[in-house]
There are 2 protein chains.
Amino acid sequence: MPAPRDPLRVDILPGTLDLLILKTLSVQPMHGYGIAQHIGRLSADALKVEEGSLYPALQRLKLKGWLTAEWRITPTGRRARYYELSRGGRRQLARELSAFDQLVAAVRSVVRPA
Amino acid sequence: MPAPRDPLRVDILPGTLDLLILKTLSVQPMHGYGIAQHIGRLSADALKVEEGSLYPALQRLKLKGWLTAEWRITPTGRRARYYELSRGGRRQLARELSAFDQLVAAVRSVVRPA
DNA sequence: CCATATCCATAGTCAATCTATGTATAACGA
DNA sequence: TCGTTATACATAGATTGACTATGGATATGG
């Protein structure tokens with residue numbers, strides 16, 4: 001049987017995946033695999049984006065009009081789906097970033113009161 | 001029909017409810033309603049703990065052995081269920097607090113890179 | 001007497017994330 | 001040449017967490 005899962009061992013902070021993706025794409029258009037790599041690298045592997053979370057999230061964001069997608073060829077000659085932040089996506093990124101900061105500040109005010 | 005829910009308008013940062021409860025009970029034993037008030041007050045009403053989230057969470061935490069419960073009478077003469085942090089709950093609080101800080105730092109390293 | 005605040009709790013729903021699985025190709029080492 | 005690893009996309013299914021909605025009960029203040 002599989003070992004029981006440590007309830008603390010989460011891959012990402014729930015509710016922040018969209019923010020992480022939008023921010024990553026604000027650097028430059030990227031394909032899914034590259035987005036996951038970028039997030040892992042910048043966070044020193046503290047954050048691991050699972051494929052089963054990533055691709056559905058990309059669909060969601062695309063449906064909301066926050067990013068566009070097109071098939072391209074990578075520098076290494078592979079076919080990959082490149083995602084690009086839309087104008088609305090940029091606004092959404094700003095909103096989510098600000099909301100995240102406020103929520104973190106709120107949690108801190110409870111768990112680390114002055 | 002009900003207005004569509006703004007995806008940003010969350011009541012709490014998902015995944016932090018247990019932490020908020022454990023921290024609140026580390027101050028002193030408290031009943032459910034008091035816990036919700038405490039979290040709301042300390043966060044200047046930025047965090048709102050819904051009853052439908054709170055009471056199931058208290059059951060969960062009790063099941064894990066992180067807190068104990070007993071019926072008592074409040075100072076105003078009401079009957080209420082008081083929750084008290086156990087020794088294991090105190091350890092769990094420390095773990096969750098540290099995990100939360102690490103996750104927030106990781107997210108920040110992506111969304112606000114140096 | 002009626003509204004509001006205090007208190008508990010559950011049922012049902014929804015959304016987000018995870019696990020597991022499938023496909024396919026390229027590169028590399030044994 | 002063959003197996004493994006890395007690159008790349010995607011979905012199905014399960015699980016979990018948090019929400020809405022609802023129910024009850026008692027106290028207080030207008």
# chains A, B, ... in the order shown; residues from 1 in each chain; ligands from 1
call {"tool": "residues_around", "arguments": {"residues": "DA18 (chain D)", "least_positions_apart": "6", "cutoff": "12 Å", "atoms": "only C-alpha atoms (C1' of nucleotides)", "output": "list of chain:residue names"}}
result
A:Pro14, A:Gly15, B:Val10, B:Asp11, B:Ile12, B:Leu13, B:Pro14, B:Gly15, B:Thr16, B:Leu17, B:Asp18, B:Lys48, B:Val49, B:Glu50, B:Glu51, B:Gly52, B:Ser53, B:Leu54, B:Tyr55, B:Pro56, B:Ala57, C:DT13, C:DC14, C:DA15, C:DA16
call {"tool": "write_last_selection", "arguments": {"atoms": "N, CA and C atoms (P, O5', C5', C4', C3', O3' and C1' of nucleotides)", "output": "PDB file, in the first residue's frame"}}
result
ATOM      1  N   PRO A  14      -2.428  26.235  -2.070  1.00  0.00           N
ATOM      2  CA  PRO A  14      -3.687  26.184  -2.816  1.00  0.00           C
ATOM      3  C   PRO A  14      -4.202  27.586  -3.133  1.00  0.00           C
ATOM      4  N   GLY A  15      -4.701  27.740  -4.325  1.00  0.00           N
ATOM      5  CA  GLY A  15      -5.277  29.014  -4.726  1.00  0.00           C
ATOM      6  C   GLY A  15      -4.296  29.963  -5.391  1.00  0.00           C
TER       7      GLY A  15
ATOM      8  N   VAL B  10     -12.234  35.463  -2.196  1.00  0.00           N
ATOM      9  CA  VAL B  10     -12.260  34.317  -1.301  1.00  0.00           C
ATOM     10  C   VAL B  10     -12.351  34.814   0.131  1.00  0.00           C
ATOM     11  N   ASP B  11     -12.918  33.993   0.977  1.00  0.00           N
ATOM     12  CA  ASP B  11     -13.069  34.383   2.371  1.00  0.00           C
ATOM     13  C   ASP B  11     -11.768  34.210   3.138  1.00  0.00           C
ATOM     14  N   ILE B  12     -11.067  33.118   2.833  1.00  0.00           N
ATOM     15  CA  ILE B  12      -9.757  32.900   3.453  1.00  0.00           C
ATOM     16  C   ILE B  12      -8.816  32.364   2.390  1.00  0.00           C
ATOM     17  N   LEU B  13      -7.546  32.390   2.658  1.00  0.00           N
ATOM     18  CA  LEU B  13      -6.575  31.786   1.761  1.00  0.00           C
ATOM     19  C   LEU B  13      -6.695  30.278   1.923  1.00  0.00           C
ATOM     20  N   PRO B  14      -7.054  29.567   0.843  1.00  0.00           N
ATOM     21  CA  PRO B  14      -7.290  28.126   0.975  1.00  0.00           C
ATOM     22  C   PRO B  14      -6.065  27.420   1.580  1.00  0.00           C
ATOM     23  N   GLY B  15      -6.328  26.490   2.445  1.00  0.00           N
ATOM     24  CA  GLY B  15      -5.251  25.723   3.037  1.00  0.00           C
ATOM     25  C   GLY B  15      -4.729  26.300   4.340  1.00  0.00           C
ATOM     26  N   THR B  16      -5.264  27.459   4.738  1.00  0.00           N
ATOM     27  CA  THR B  16      -4.749  28.091   5.953  1.00  0.00           C
ATOM     28  C   THR B  16      -5.739  28.039   7.115  1.00  0.00           C
ATOM     29  N   LEU B  17      -6.889  27.432   6.887  1.00  0.00           N
ATOM     30  CA  LEU B  17      -7.918  27.456   7.936  1.00  0.00           C
ATOM     31  C   LEU B  17      -7.458  26.722   9.192  1.00  0.00           C
ATOM     32  N   ASP B  18      -6.870  25.546   9.025  1.00  0.00           N
ATOM     33  CA  ASP B  18      -6.396  24.794  10.184  1.00  0.00           C
ATOM     34  C   ASP B  18      -5.368  25.605  10.969  1.00  0.00           C
ATOM     35  N   LYS B  48     -12.952  36.028   6.819  1.00  0.00           N
ATOM     36  CA  LYS B  48     -14.269  35.679   7.361  1.00  0.00           C
ATOM     37  C   LYS B  48     -14.395  34.165   7.390  1.00  0.00           C
ATOM     38  N   VAL B  49     -14.493  33.580   8.540  1.00  0.00           N
ATOM     39  CA  VAL B  49     -14.608  32.128   8.656  1.00  0.00           C
ATOM     40  C   VAL B  49     -16.076  31.751   8.699  1.00  0.00           C
ATOM     41  N   GLU B  50     -16.557  31.098   7.656  1.00  0.00           N
ATOM     42  CA  GLU B  50     -17.946  30.668   7.588  1.00  0.00           C
ATOM     43  C   GLU B  50     -18.177  29.488   8.517  1.00  0.00           C
ATOM     44  N   GLU B  51     -19.358  29.429   9.065  1.00  0.00           N
ATOM     45  CA  GLU B  51     -19.687  28.337   9.992  1.00  0.00           C
ATOM     46  C   GLU B  51     -19.598  26.982   9.300  1.00  0.00           C
ATOM     47  N   GLY B  52     -20.000  26.943   8.022  1.00  0.00           N
ATOM     48  CA  GLY B  52     -19.943  25.690   7.269  1.00  0.00           C
ATOM     49  C   GLY B  52     -18.531  25.231   6.981  1.00  0.00           C
ATOM     50  N   SER B  53     -17.562  26.111   7.167  1.00  0.00           N
ATOM     51  CA  SER B  53     -16.155  25.719   7.049  1.00  0.00           C
ATOM     52  C   SER B  53     -15.588  25.402   8.423  1.00  0.00           C
ATOM     53  N   LEU B  54     -16.008  26.206   9.388  1.00  0.00           N
ATOM     54  CA  LEU B  54     -15.418  26.128  10.724  1.00  0.00           C
ATOM     55  C   LEU B  54     -15.706  24.816  11.436  1.00  0.00           C
ATOM     56  N   TYR B  55     -16.993  24.464  11.541  1.00  0.00           N
ATOM     57  CA  TYR B  55     -17.330  23.308  12.356  1.00  0.00           C
ATOM     58  C   TYR B  55     -16.800  21.997  11.777  1.00  0.00           C
ATOM     59  N   PRO B  56     -16.889  21.768  10.482  1.00  0.00           N
ATOM     60  CA  PRO B  56     -16.230  20.571   9.936  1.00  0.00           C
ATOM     61  C   PRO B  56     -14.727  20.584  10.198  1.00  0.00           C
ATOM     62  N   ALA B  57     -14.107  21.756  10.125  1.00  0.00           N
ATOM     63  CA  ALA B  57     -12.665  21.833  10.382  1.00  0.00           C
ATOM     64  C   ALA B  57     -12.359  21.445  11.824  1.00  0.00           C
TER      65      ALA B  57
ATOM     66  P    DT C  13     -26.552  18.227  -4.297  1.00  0.00           P
ATOM     67  O5'  DT C  13     -25.582  19.397  -4.747  1.00  0.00           O
ATOM     68  C5'  DT C  13     -25.830  20.726  -4.284  1.00  0.00           C
ATOM     69  C4'  DT C  13     -24.588  21.572  -4.471  1.00  0.00           C
ATOM     70  C3'  DT C  13     -23.801  21.264  -5.754  1.00  0.00           C
ATOM     71  O3'  DT C  13     -23.669  22.468  -6.479  1.00  0.00           O
ATOM     72  C1'  DT C  13     -22.359  21.395  -3.871  1.00  0.00           C
ATOM     73  P    DC C  14     -23.233  22.427  -8.032  1.00  0.00           P
ATOM     74  O5'  DC C  14     -21.917  23.313  -8.009  1.00  0.00           O
ATOM     75  C5'  DC C  14     -21.737  24.283  -6.982  1.00  0.00           C
ATOM     76  C4'  DC C  14     -20.256  24.545  -6.820  1.00  0.00           C
ATOM     77  C3'  DC C  14     -19.442  24.293  -8.089  1.00  0.00           C
ATOM     78  O3'  DC C  14     -18.741  25.489  -8.354  1.00  0.00           O
ATOM     79  C1'  DC C  14     -18.456  23.210  -6.214  1.00  0.00           C
ATOM     80  P    DA C  15     -17.944  25.645  -9.754  1.00  0.00           P
ATOM     81  O5'  DA C  15     -16.445  25.833  -9.242  1.00  0.00           O
ATOM     82  C5'  DA C  15     -16.224  26.464  -7.978  1.00  0.00           C
ATOM     83  C4'  DA C  15     -14.811  26.175  -7.528  1.00  0.00           C
ATOM     84  C3'  DA C  15     -13.805  26.052  -8.669  1.00  0.00           C
ATOM     85  O3'  DA C  15     -12.638  26.751  -8.286  1.00  0.00           O
ATOM     86  C1'  DA C  15     -13.787  24.063  -7.383  1.00  0.00           C
ATOM     87  P    DA C  16     -11.488  26.972  -9.370  1.00  0.00           P
ATOM     88  O5'  DA C  16     -10.260  26.290  -8.629  1.00  0.00           O
ATOM     89  C5'  DA C  16     -10.188  26.358  -7.204  1.00  0.00           C
ATOM     90  C4'  DA C  16      -9.152  25.387  -6.690  1.00  0.00           C
ATOM     91  C3'  DA C  16      -7.953  25.199  -7.613  1.00  0.00           C
ATOM     92  O3'  DA C  16      -6.777  25.309  -6.828  1.00  0.00           O
ATOM     93  C1'  DA C  16      -8.977  23.098  -7.138  1.00  0.00           C
TER      94       DA C  16
END
call {"tool": "interface_residues", "arguments": {"of": "chain A", "to": "chain B", "cutoff": "8 Å", "atoms": "only C-alpha atoms", "output": "CSV table (one decimal) with all heavy atoms, in the first residue's frame"}}
result
chain,number,residue,atom,x,y,z
A,8,LEU,N,1.0,18.0,5.5
A,8,LEU,CA,1.8,19.3,5.3
A,8,LEU,C,2.4,19.4,4.0
A,8,LEU,O,2.6,20.4,3.4
A,8,LEU,CB,2.9,19.5,6.4
A,8,LEU,CG,2.4,19.9,7.7
A,8,LEU,CD1,3.6,20.1,8.6
A,8,LEU,CD2,1.6,21.2,7.5
A,12,ILE,N,1.9,23.0,-3.9
A,12,ILE,CA,1.8,24.5,-4.0
A,12,ILE,C,0.9,25.0,-3.0
A,12,ILE,O,0.1,24.2,-2.4
A,12,ILE,CB,1.4,24.9,-5.4
A,12,ILE,CG1,-0.1,24.4,-5.6
A,12,ILE,CG2,2.3,24.5,-6.5
A,12,ILE,CD1,-0.7,25.1,-6.8
A,13,LEU,N,0.9,26.3,-2.7
A,13,LEU,CA,-0.1,26.9,-1.8
A,13,LEU,C,-1.4,26.9,-2.5
A,13,LEU,O,-1.5,27.6,-3.6
A,13,LEU,CB,0.4,28.3,-1.4
A,13,LEU,CG,-0.4,28.9,-0.2
A,13,LEU,CD1,-0.3,28.1,1.0
A,13,LEU,CD2,0.2,30.3,0.0
A,14,PRO,N,-2.4,26.2,-2.1
A,14,PRO,CA,-3.7,26.2,-2.8
A,14,PRO,C,-4.2,27.6,-3.1
A,14,PRO,O,-4.1,28.5,-2.3
A,14,PRO,CB,-4.6,25.5,-1.8
A,14,PRO,CG,-3.7,24.7,-0.9
A,14,PRO,CD,-2.5,25.5,-0.8
A,15,GLY,N,-4.7,27.7,-4.3
A,15,GLY,CA,-5.3,29.0,-4.7
A,15,GLY,C,-4.3,30.0,-5.4
A,15,GLY,O,-4.7,31.0,-5.8
A,16,THR,N,-3.0,29.5,-5.5
A,16,THR,CA,-2.0,30.4,-6.1
A,16,THR,C,-1.5,30.0,-7.4
A,16,THR,O,-0.7,30.6,-8.0
A,16,THR,CB,-0.8,30.5,-5.1
A,16,THR,OG1,-0.2,29.2,-5.0
A,16,THR,CG2,-1.2,31.0,-3.8
A,19,LEU,N,-2.1,32.5,-10.3
A,19,LEU,CA,-1.2,33.6,-10.1
A,19,LEU,C,0.2,33.2,-10.6
A,19,LEU,O,0.9,34.0,-11.3
A,19,LEU,CB,-1.1,34.0,-8.6
A,19,LEU,CG,-0.1,35.0,-8.2
A,19,LEU,CD1,-0.2,36.3,-8.9
A,19,LEU,CD2,-0.1,35.2,-6.7
A,20,LEU,N,0.7,32.0,-10.2
A,20,LEU,CA,2.0,31.6,-10.6
A,20,LEU,C,2.2,31.5,-12.1
A,20,LEU,O,3.2,31.9,-12.7
A,20,LEU,CB,2.3,30.3,-9.9
A,20,LEU,CG,2.5,30.3,-8.4
A,20,LEU,CD1,2.5,28.9,-7.8
A,20,LEU,CD2,3.8,31.0,-8.1
A,23,LYS,N,2.0,35.1,-13.8
A,23,LYS,CA,3.2,35.8,-13.6
A,23,LYS,C,4.3,35.2,-14.5
A,23,LYS,O,5.1,36.0,-15.1
A,23,LYS,CB,3.6,35.7,-12.1
A,23,LYS,CG,5.0,36.3,-11.8
A,23,LYS,CD,5.0,37.8,-12.0
A,23,LYS,CE,6.4,38.3,-11.9
A,23,LYS,NZ,6.4,39.8,-12.0
A,24,THR,N,4.4,33.9,-14.6
A,24,THR,CA,5.4,33.3,-15.4
A,24,THR,C,5.3,33.7,-16.9
A,24,THR,O,6.3,34.0,-17.5
A,24,THR,CB,5.3,31.8,-15.3
A,24,THR,OG1,5.6,31.4,-13.9
A,24,THR,CG2,6.3,31.1,-16.2
A,39,ILE,N,8.7,27.8,-12.7
A,39,ILE,CA,8.2,28.0,-11.4
A,39,ILE,C,9.1,27.2,-10.4
A,39,ILE,O,9.4,27.6,-9.3
A,39,ILE,CB,6.7,27.5,-11.3
A,39,ILE,CG1,5.8,28.5,-12.1
A,39,ILE,CG2,6.2,27.4,-9.8
A,39,ILE,CD1,4.4,28.1,-12.2
A,42,LEU,N,12.6,29.1,-10.1
A,42,LEU,CA,12.6,30.3,-9.4
A,42,LEU,C,12.3,30.1,-7.9
A,42,LEU,O,12.8,30.9,-7.0
A,42,LEU,CB,11.5,31.3,-9.9
A,42,LEU,CG,11.9,32.2,-11.1
A,42,LEU,CD1,10.9,33.3,-11.2
A,42,LEU,CD2,13.3,32.7,-10.9
A,43,SER,N,11.6,29.0,-7.6
A,43,SER,CA,11.3,28.8,-6.2
A,43,SER,C,12.3,27.8,-5.5
A,43,SER,O,12.1,27.3,-4.4
A,43,SER,CB,9.9,28.2,-6.0
A,43,SER,OG,9.8,26.9,-6.6
A,44,ALA,N,13.4,27.6,-6.2
A,44,ALA,CA,14.4,26.6,-5.7
A,44,ALA,C,13.8,25.3,-5.4
A,44,ALA,O,14.0,24.6,-4.4
A,44,ALA,CB,15.1,27.2,-4.5
A,46,ALA,N,11.0,24.5,-4.4
A,46,ALA,CA,10.0,24.5,-3.3
A,46,ALA,C,8.6,24.3,-3.8
A,46,ALA,O,7.8,23.7,-3.2
A,46,ALA,CB,10.1,25.8,-2.5
A,47,LEU,N,8.3,24.7,-5.0
A,47,LEU,CA,7.0,24.6,-5.6
A,47,LEU,C,7.1,23.6,-6.8
A,47,LEU,O,8.0,23.7,-7.6
A,47,LEU,CB,6.5,25.9,-6.2
A,47,LEU,CG,6.4,27.0,-5.1
A,47,LEU,CD1,5.9,28.3,-5.8
A,47,LEU,CD2,5.5,26.6,-4.0
A,95,ARG,N,-4.5,42.1,-10.4
A,95,ARG,CA,-5.6,41.8,-9.4
A,95,ARG,C,-5.2,40.7,-8.4
A,95,ARG,O,-5.3,40.8,-7.2
A,95,ARG,CB,-6.9,41.5,-10.0
A,95,ARG,CG,-7.7,42.7,-10.5
A,95,ARG,CD,-9.1,42.4,-10.9
A,95,ARG,NE,-9.2,41.4,-12.0
A,95,ARG,CZ,-9.3,41.8,-13.3
A,95,ARG,NH1,-9.4,43.0,-13.6
A,95,ARG,NH2,-9.4,40.9,-14.2
A,96,GLU,N,-4.7,39.6,-9.0
A,96,GLU,CA,-4.4,38.4,-8.2
A,96,GLU,C,-3.2,38.7,-7.3
A,96,GLU,O,-3.2,38.2,-6.2
A,96,GLU,CB,-4.2,37.2,-9.1
A,96,GLU,CG,-5.4,36.8,-9.8
A,96,GLU,CD,-5.5,35.2,-10.0
A,96,GLU,OE1,-4.8,34.5,-9.4
A,96,GLU,OE2,-6.4,34.8,-10.8
A,97,LEU,N,-2.3,39.4,-7.8
A,97,LEU,CA,-1.1,39.7,-7.0
A,97,LEU,C,-1.5,40.5,-5.8
A,97,LEU,O,-1.0,40.2,-4.7
A,97,LEU,CB,-0.1,40.5,-7.9
A,97,LEU,CG,1.4,40.5,-7.5
A,97,LEU,CD1,1.8,39.1,-7.0
A,97,LEU,CD2,2.2,41.0,-8.7
A,99,ALA,N,-4.4,40.8,-4.4
A,99,ALA,CA,-5.3,40.0,-3.5
A,99,ALA,C,-4.4,39.0,-2.7
A,99,ALA,O,-4.7,38.8,-1.5
A,99,ALA,CB,-6.3,39.2,-4.4
A,103,LEU,N,-4.2,38.9,1.3
A,103,LEU,CA,-4.6,37.7,2.1
A,103,LEU,C,-3.5,37.2,3.0
A,103,LEU,O,-3.7,36.8,4.1
A,103,LEU,CB,-5.0,36.6,1.1
A,103,LEU,CG,-6.5,36.7,0.6
A,103,LEU,CD1,-6.8,35.7,-0.4
A,103,LEU,CD2,-7.5,36.6,1.8
A,104,VAL,N,-2.3,37.2,2.4
A,104,VAL,CA,-1.1,36.8,3.2
A,104,VAL,C,-0.9,37.7,4.4
A,104,VAL,O,-0.7,37.3,5.6
A,104,VAL,CB,0.2,36.8,2.4
A,104,VAL,CG1,1.4,36.6,3.3
A,104,VAL,CG2,0.1,35.7,1.4
A,106,ALA,N,-3.3,39.4,5.9
A,106,ALA,CA,-4.3,39.1,6.8
A,106,ALA,C,-4.0,37.8,7.7
A,106,ALA,O,-4.2,37.8,8.9
A,106,ALA,CB,-5.7,38.9,6.1
A,107,VAL,N,-3.6,36.8,7.0
A,107,VAL,CA,-3.2,35.6,7.7
A,107,VAL,C,-2.1,35.9,8.8
A,107,VAL,O,-2.2,35.5,9.9
A,107,VAL,CB,-2.8,34.4,6.8
A,107,VAL,CG1,-2.2,33.3,7.6
A,107,VAL,CG2,-3.9,34.0,5.9
A,109,SER,N,-1.5,38.6,10.2
A,109,SER,CA,-2.0,39.4,11.4
A,109,SER,C,-2.6,38.5,12.4
A,109,SER,O,-2.7,38.9,13.6
A,109,SER,CB,-3.0,40.5,10.9
A,109,SER,OG,-4.2,39.8,10.4
A,110,VAL,N,-3.0,37.3,12.0
A,110,VAL,CA,-3.6,36.4,13.0
A,110,VAL,C,-2.5,35.5,13.6
A,110,VAL,O,-2.4,35.3,14.8
A,110,VAL,CB,-4.7,35.5,12.3
A,110,VAL,CG1,-5.2,34.4,13.3
A,110,VAL,CG2,-5.8,36.4,11.8
A,111,VAL,N,-1.7,34.9,12.7
A,111,VAL,CA,-0.7,33.9,13.2
A,111,VAL,C,0.6,34.5,13.7
A,111,VAL,O,1.3,33.9,14.4
A,111,VAL,CB,-0.4,32.9,12.1
A,111,VAL,CG1,-1.7,32.2,11.6
A,111,VAL,CG2,0.4,33.5,10.9
A,113,PRO,N,0.6,38.0,15.4
A,113,PRO,CA,0.1,39.3,15.8
A,113,PRO,C,1.2,40.2,16.3
A,113,PRO,O,2.2,39.7,16.9
A,113,PRO,CB,-0.9,38.9,16.8
A,113,PRO,CG,-0.5,37.6,17.3
A,113,PRO,CD,0.1,36.9,16.2
call {"tool": "interface_residues", "arguments": {"of": "chain C", "to": "chain A", "cutoff": "10 Å", "atoms": "only C-alpha atoms (C1' of nucleotides)", "output": "list in words"}}
result
DA16, DT17, DC18, DT19, DA20, DT25 and DA26 of chain C
call {"tool": "closest_residue", "arguments": {"among": "C:DT21, C:DA27, C:DT6, C:DC1", "to": "DT28 (chain D)", "atoms": "only C-alpha atoms (C1' of nucleotides)"}}
result
C:DT6
call {"tool": "atom_distance", "arguments": {"atom1": "C1' of DT20 (chain D)", "atom2": "CA of Trp71 (chain B)"}}
result
27.6 Å
call {"tool": "residues_around", "arguments": {"residues": "DG29 (chain C)", "least_positions_apart": "3", "cutoff": "12 Å", "atoms": "only C-alpha atoms (C1' of nucleotides)", "output": "PyMOL selection string"}}
result
chain D and resi 1-5
call {"tool": "interface_residues", "arguments": {"of": "chain D", "to": "chain A", "cutoff": "12 Å", "atoms": "only C-alpha atoms (C1' of nucleotides)", "output": "PyMOL selection string"}}
result
chain D and resi 6-13+16-18
call {"tool": "select_by_dssp", "arguments": {"residues": "chain A", "states": "helix (DSSP H, G or I)", "output": "count of residues only"}}
result
60
call {"tool": "atom_distance", "arguments": {"atom1": "CA of Arg90 (chain A)", "atom2": "CA of Gly65 (chain A)"}}
result
10.7 Å
call {"tool": "select_by_dssp", "arguments": {"residues": "chain A", "states": "strand (DSSP E)", "output": "list in words"}}
result
Met30, His31, Leu67, Thr68, Ala69, Glu70, Trp71, Arg72, Ile73, Arg79, Ala80, Arg81, Tyr82, Tyr83, Glu84 and Leu85 of chain A
call {"tool": "atom_distance", "arguments": {"atom1": "CA of Ser86 (chain A)", "atom2": "CA of Leu25 (chain A)"}}
result
9.6 Å
call {"tool": "residues_around", "arguments": {"residues": "Tyr82 (chain A)", "least_positions_apart": "5", "cutoff": "9 Å", "atoms": "only C-alpha atoms (C1' of nucleotides)", "output": "NGL selection string"}}
result
:A and (29-32 or 68-73)
call {"tool": "decode", "arguments": {"residues": "region 11-25 of chain D", "atoms": "N, CA, C and O atoms (P, O5', C5', C4', C3', O3' and C1' of nucleotides)", "output": "tab-separated table (two decimals), in the first residue's frame"}}
result
chain	number	residue	atom	x	y	z
D	11	DT	P	-7.65	17.66	-22.69
D	11	DT	O5'	-8.14	16.31	-21.99
D	11	DT	C5'	-8.13	15.10	-22.74
D	11	DT	C4'	-8.35	13.94	-21.80
D	11	DT	C3'	-9.50	14.15	-20.83
D	11	DT	O3'	-10.35	13.00	-20.87
D	11	DT	C1'	-7.56	13.51	-19.66
D	12	DA	P	-11.80	13.05	-20.20
D	12	DA	O5'	-11.78	11.79	-19.23
D	12	DA	C5'	-10.93	10.68	-19.49
D	12	DA	C4'	-10.84	9.81	-18.26
D	12	DA	C3'	-12.04	9.92	-17.34
D	12	DA	O3'	-12.28	8.63	-16.77
D	12	DA	C1'	-10.12	10.66	-16.18
D	13	DG	P	-13.58	8.35	-15.87
D	13	DG	O5'	-12.98	8.41	-14.40
D	13	DG	C5'	-11.91	7.55	-14.05
D	13	DG	C4'	-11.43	7.88	-12.67
D	13	DG	C3'	-12.56	8.12	-11.68
D	13	DG	O3'	-12.33	7.29	-10.55
D	13	DG	C1'	-11.01	9.92	-11.62
D	14	DA	P	-13.39	7.27	-9.33
D	14	DA	O5'	-12.50	7.89	-8.17
D	14	DA	C5'	-11.16	7.43	-8.03
D	14	DA	C4'	-10.44	8.30	-7.01
D	14	DA	C3'	-11.28	8.58	-5.76
D	14	DA	O3'	-10.51	8.23	-4.62
D	14	DA	C1'	-10.51	10.63	-6.75
D	15	DT	P	-11.15	8.33	-3.17
D	15	DT	O5'	-10.52	9.68	-2.61
D	15	DT	C5'	-9.20	10.07	-3.04
D	15	DT	C4'	-8.93	11.47	-2.60
D	15	DT	C3'	-9.65	11.86	-1.31
D	15	DT	O3'	-8.69	12.30	-0.39
D	15	DT	C1'	-9.95	13.53	-2.99
D	16	DT	P	-9.06	12.54	1.15
D	16	DT	O5'	-8.91	14.11	1.33
D	16	DT	C5'	-7.91	14.81	0.56
D	16	DT	C4'	-8.30	16.23	0.45
D	16	DT	C3'	-8.96	16.80	1.71
D	16	DT	O3'	-8.08	17.76	2.24
D	16	DT	C1'	-10.10	17.49	-0.28
D	17	DG	P	-8.41	18.53	3.63
D	17	DG	O5'	-8.89	19.98	3.19
D	17	DG	C5'	-8.31	20.53	2.00
D	17	DG	C4'	-9.05	21.78	1.62
D	17	DG	C3'	-9.66	22.52	2.80
D	17	DG	O3'	-9.23	23.86	2.70
D	17	DG	C1'	-11.36	21.96	1.20
D	18	DA	P	-9.73	24.89	3.83
D	18	DA	O5'	-11.03	25.52	3.16
D	18	DA	C5'	-10.91	26.17	1.92
D	18	DA	C4'	-12.28	26.55	1.41
D	18	DA	C3'	-13.14	27.34	2.38
D	18	DA	O3'	-13.56	28.52	1.73
D	18	DA	C1'	-14.36	25.52	1.48
D	19	DC	P	-14.46	29.61	2.47
D	19	DC	O5'	-15.88	29.42	1.77
D	19	DC	C5'	-15.99	29.59	0.35
D	19	DC	C4'	-17.33	29.08	-0.14
D	19	DC	C3'	-18.54	29.71	0.56
D	19	DC	O3'	-19.18	30.63	-0.31
D	19	DC	C1'	-18.76	27.31	0.35
D	20	DT	P	-20.44	31.45	0.30
D	20	DT	O5'	-21.69	30.49	0.02
D	20	DT	C5'	-21.94	30.02	-1.30
D	20	DT	C4'	-23.24	29.24	-1.34
D	20	DT	C3'	-24.41	29.96	-0.68
D	20	DT	O3'	-25.58	29.74	-1.47
D	20	DT	C1'	-24.07	27.87	0.38
D	21	DA	P	-26.96	30.53	-1.08
D	21	DA	O5'	-27.80	29.37	-0.37
D	21	DA	C5'	-27.64	28.02	-0.80
D	21	DA	C4'	-28.39	27.11	0.16
D	21	DA	C3'	-29.52	27.80	0.94
D	21	DA	O3'	-30.70	27.02	0.81
D	21	DA	C1'	-28.08	26.67	2.43
D	22	DT	P	-32.11	27.56	1.40
D	22	DT	O5'	-32.18	26.78	2.80
D	22	DT	C5'	-31.97	25.37	2.80
D	22	DT	C4'	-31.77	24.87	4.20
D	22	DT	C3'	-32.75	25.42	5.23
D	22	DT	O3'	-33.79	24.48	5.43
D	22	DT	C1'	-30.52	25.14	6.09
D	23	DG	P	-35.07	24.85	6.36
D	23	DG	O5'	-34.61	24.36	7.80
D	23	DG	C5'	-34.37	22.99	8.02
D	23	DG	C4'	-33.69	22.79	9.34
D	23	DG	C3'	-34.32	23.58	10.49
D	23	DG	O3'	-35.33	22.80	11.13
D	23	DG	C1'	-31.92	23.57	10.58
D	24	DG	P	-36.27	23.46	12.24
D	24	DG	O5'	-35.34	23.48	13.54
D	24	DG	C5'	-34.85	22.27	14.10
D	24	DG	C4'	-33.84	22.59	15.18
D	24	DG	C3'	-34.40	23.46	16.30
D	24	DG	O3'	-34.63	22.66	17.45
D	24	DG	C1'	-32.22	24.21	15.58
D	25	DA	P	-35.58	23.25	18.64
D	25	DA	O5'	-34.56	24.07	19.55
D	25	DA	C5'	-33.40	23.45	20.08
D	25	DA	C4'	-32.58	24.51	20.78
D	25	DA	C3'	-33.45	25.48	21.60
D	25	DA	O3'	-33.10	25.37	22.97
D	25	DA	C1'	-31.87	26.65	20.24
